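S.K.: The structure that follows is given in the form of structure tokens.
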Amino acid sequence: MATGYPNGIRKKDIPYEAQIVRVADEYDALVTKRQYKTHVNISETLKDLIKDAKPDPKFVALDQLASKEKDGKINGLILKRLFKVVIDDTLYEISGVMDYVEYLKQQIKRLELMQSYKKKADHSSKEKTKEYYLEGMRLLLQEGETIENFEQILEEYKNAVIVRQNVIAQLHAEIRIIKKLRV
């Protein structure tokens with residue numbers, strides 16, 4: 001009975017390229033990134049692939065296939081290379097999130113300046129001084145912002161920074177876990 005890759009060939013005879021495609025395809029099917037999904041918890045997926053790379057002792061014992069005990073379904077070397085790709089991709093994701101956090105921090109700084117102008121305008125007894133600070137605020141407004149809603153936007157940006165910083169911390173934790181995985 002022929003088993004294995006087409007025509008019954010086994011691990012050592014399967015073209016290396018086909019082994020790479022197989023691991024990449026399985027990995028991609030498990031972790032394809034979506035807008036709402038990051039690499040957080042990707043280490044669990046890699047652990048599943050490691051299980052696929054190692055033989056199942058129960059299977060070996062049940063079928064008395066002791067001669068094939070060292071054959072796993074996935075080439076361990078390819079899986080190790082996948083770990084490196086995942087780490088690199090996760091670092092790239094971290095970089096993108098960090099860039100966005102920096103952008104948000106710049107926007108927060110701008111909106112906090114507006115907030116200080118608003119306080120000065122509110123505490124000013126002279127109409128000319130009040131108008132001066134209100135004009136300064138208008139100059140700092142960006143699309144979709146108004147003098148009435150900028151403080152709400154400021155709070156949303158501050159919350160977004162916290163969320164993104166947590167994502168960065170989780171992604172760094174994932175990298176540490178992945179670096180400890182062994183095939």
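Every chain in the structure tokens takes a letter, A first, then B, and so on in the order presented; its residues are numbered from 1, and the ligands are numbered from 1 following the presented order.
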Fewer than 2 positions away in the same chain doesn't count, so skip those; otherwise give me all residues within 10 Å of region 168-175 of chain A, counting only C-alpha atoms, as a short mmCIF file (atom, residue, chain, number, x, y, z; two decimals) with N, CA, C and O atoms, in the first residue's frame.
M.R.:
```cif
data_model
loop_
_atom_site.label_atom_id
_atom_site.label_comp_id
_atom_site.auth_asym_id
_atom_site.auth_seq_id
_atom_site.Cartn_x
_atom_site.Cartn_y
_atom_site.Cartn_z
N THR A 38 -3.53 39.92 14.95
CA THR A 38 -2.09 40.15 14.90
C THR A 38 -1.38 38.82 15.17
O THR A 38 -2.01 37.78 15.24
N HIS A 39 -0.10 38.89 15.37
CA HIS A 39 0.68 37.70 15.66
C HIS A 39 0.56 37.24 17.11
O HIS A 39 1.20 36.29 17.51
N VAL A 40 -0.23 37.95 17.90
CA VAL A 40 -0.38 37.55 19.29
C VAL A 40 -0.97 36.14 19.33
O VAL A 40 -1.92 35.83 18.62
N ASN A 41 -0.36 35.28 20.12
CA ASN A 41 -0.72 33.87 20.29
C ASN A 41 -0.34 33.00 19.09
O ASN A 41 -0.80 31.88 18.97
N ILE A 42 0.49 33.48 18.23
CA ILE A 42 0.94 32.69 17.09
C ILE A 42 1.84 31.54 17.57
O ILE A 42 1.96 30.53 16.89
N SER A 43 2.42 31.70 18.74
CA SER A 43 3.27 30.64 19.26
C SER A 43 2.48 29.35 19.45
O SER A 43 3.03 28.26 19.32
N GLU A 44 1.19 29.46 19.75
CA GLU A 44 0.35 28.26 19.90
C GLU A 44 0.25 27.51 18.58
O GLU A 44 0.29 26.28 18.54
N PHE A 83 10.12 29.60 11.91
CA PHE A 83 10.20 30.36 13.15
C PHE A 83 10.90 31.70 12.90
O PHE A 83 10.46 32.74 13.37
N LYS A 84 12.01 31.64 12.15
CA LYS A 84 12.75 32.88 11.86
C LYS A 84 11.89 33.84 11.05
O LYS A 84 11.86 35.04 11.34
N VAL A 86 8.64 34.02 11.02
CA VAL A 86 7.58 34.53 11.90
C VAL A 86 8.15 35.61 12.82
O VAL A 86 7.52 36.66 13.03
N ILE A 87 9.32 35.38 13.36
CA ILE A 87 9.94 36.39 14.23
C ILE A 87 10.20 37.67 13.44
O ILE A 87 9.87 38.77 13.90
N ASP A 88 10.76 37.55 12.24
CA ASP A 88 11.01 38.73 11.41
C ASP A 88 9.72 39.46 11.09
O ASP A 88 9.64 40.69 11.16
N THR A 90 6.93 39.38 12.79
CA THR A 90 6.40 39.95 14.03
C THR A 90 7.16 41.23 14.38
O THR A 90 6.55 42.22 14.81
N LEU A 91 8.47 41.23 14.18
CA LEU A 91 9.25 42.46 14.41
C LEU A 91 8.81 43.57 13.46
O LEU A 91 8.72 44.74 13.86
N GLU A 93 5.79 43.85 12.24
CA GLU A 93 4.50 44.29 12.76
C GLU A 93 4.69 45.22 13.94
O GLU A 93 4.02 46.26 14.05
N ILE A 94 5.61 44.88 14.83
CA ILE A 94 5.91 45.74 15.99
C ILE A 94 6.36 47.11 15.51
O ILE A 94 5.91 48.14 16.02
N SER A 95 7.21 47.14 14.51
CA SER A 95 7.71 48.41 13.96
C SER A 95 6.56 49.27 13.44
O SER A 95 6.50 50.47 13.71
N GLY A 96 5.63 48.64 12.73
CA GLY A 96 4.48 49.38 12.21
C GLY A 96 3.61 49.93 13.33
O GLY A 96 3.16 51.08 13.27
N VAL A 97 3.38 49.13 14.36
CA VAL A 97 2.57 49.59 15.49
C VAL A 97 3.29 50.71 16.23
O VAL A 97 2.68 51.71 16.63
N MET A 98 4.61 50.58 16.37
CA MET A 98 5.39 51.63 17.05
C MET A 98 5.33 52.94 16.25
O MET A 98 5.22 54.02 16.85
N VAL A 101 2.07 54.47 17.01
CA VAL A 101 2.06 55.04 18.36
C VAL A 101 2.76 56.39 18.35
O VAL A 101 2.29 57.36 18.98
N ILE A 162 -2.50 53.36 24.56
CA ILE A 162 -2.44 52.30 25.58
C ILE A 162 -2.70 50.94 24.95
O ILE A 162 -1.97 49.98 25.21
N VAL A 163 -3.73 50.85 24.11
CA VAL A 163 -4.05 49.59 23.44
C VAL A 163 -2.86 49.13 22.60
O VAL A 163 -2.46 47.96 22.65
N ARG A 164 -2.30 50.04 21.80
CA ARG A 164 -1.18 49.67 20.91
C ARG A 164 0.07 49.29 21.70
O ARG A 164 0.80 48.39 21.31
N GLN A 165 0.32 49.96 22.82
CA GLN A 165 1.48 49.60 23.65
C GLN A 165 1.30 48.20 24.24
O GLN A 165 2.27 47.45 24.35
N ASN A 166 0.07 47.84 24.58
CA ASN A 166 -0.20 46.48 25.06
C ASN A 166 0.03 45.46 23.94
O ASN A 166 0.57 44.38 24.19
N ILE A 177 8.57 33.59 23.38
CA ILE A 177 8.06 32.20 23.39
C ILE A 177 8.56 31.44 22.16
O ILE A 177 9.05 30.31 22.28
N ILE A 178 8.47 32.06 21.00
CA ILE A 178 8.89 31.41 19.76
C ILE A 178 10.38 31.07 19.80
O ILE A 178 10.78 29.98 19.37
N LYS A 179 11.18 31.96 20.35
CA LYS A 179 12.63 31.70 20.43
C LYS A 179 12.95 30.51 21.34
O LYS A 179 13.99 29.88 21.18
N LYS A 180 12.06 30.17 22.25
CA LYS A 180 12.27 29.03 23.15
C LYS A 180 11.76 27.71 22.57
O LYS A 180 12.08 26.65 23.09
#
```
S.K.: For Lys118 (chain A), work out the shell of residues within 12 Å, counting only C-alpha atoms and skipping chain neighbours fewer than 2 positions away, then give it as number ranges by chain.
M.R.: A: 111-116, 120-124, 129-138, 140, 147-148, 150-151
S.K.: How many Å lie between CA of Gly144 (chain A) and CA of Leu104 (chain A), rounded to one decimal?
M.R.: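 We find that CA of Gly144 (chain A) and CA of Leu104 (chain A) lie 15.5 Å from each other.
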S.K.: Considering only C-alpha atoms, can you say which of A:Lys105, A:Lys126, A:Arg22, A:Lys80 comes closest to Ile50 (chain A)?
M.R.: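 Once distances to Ile50 (chain A) are computed over only C-alpha atoms, the minimum belongs to A:Lys80.
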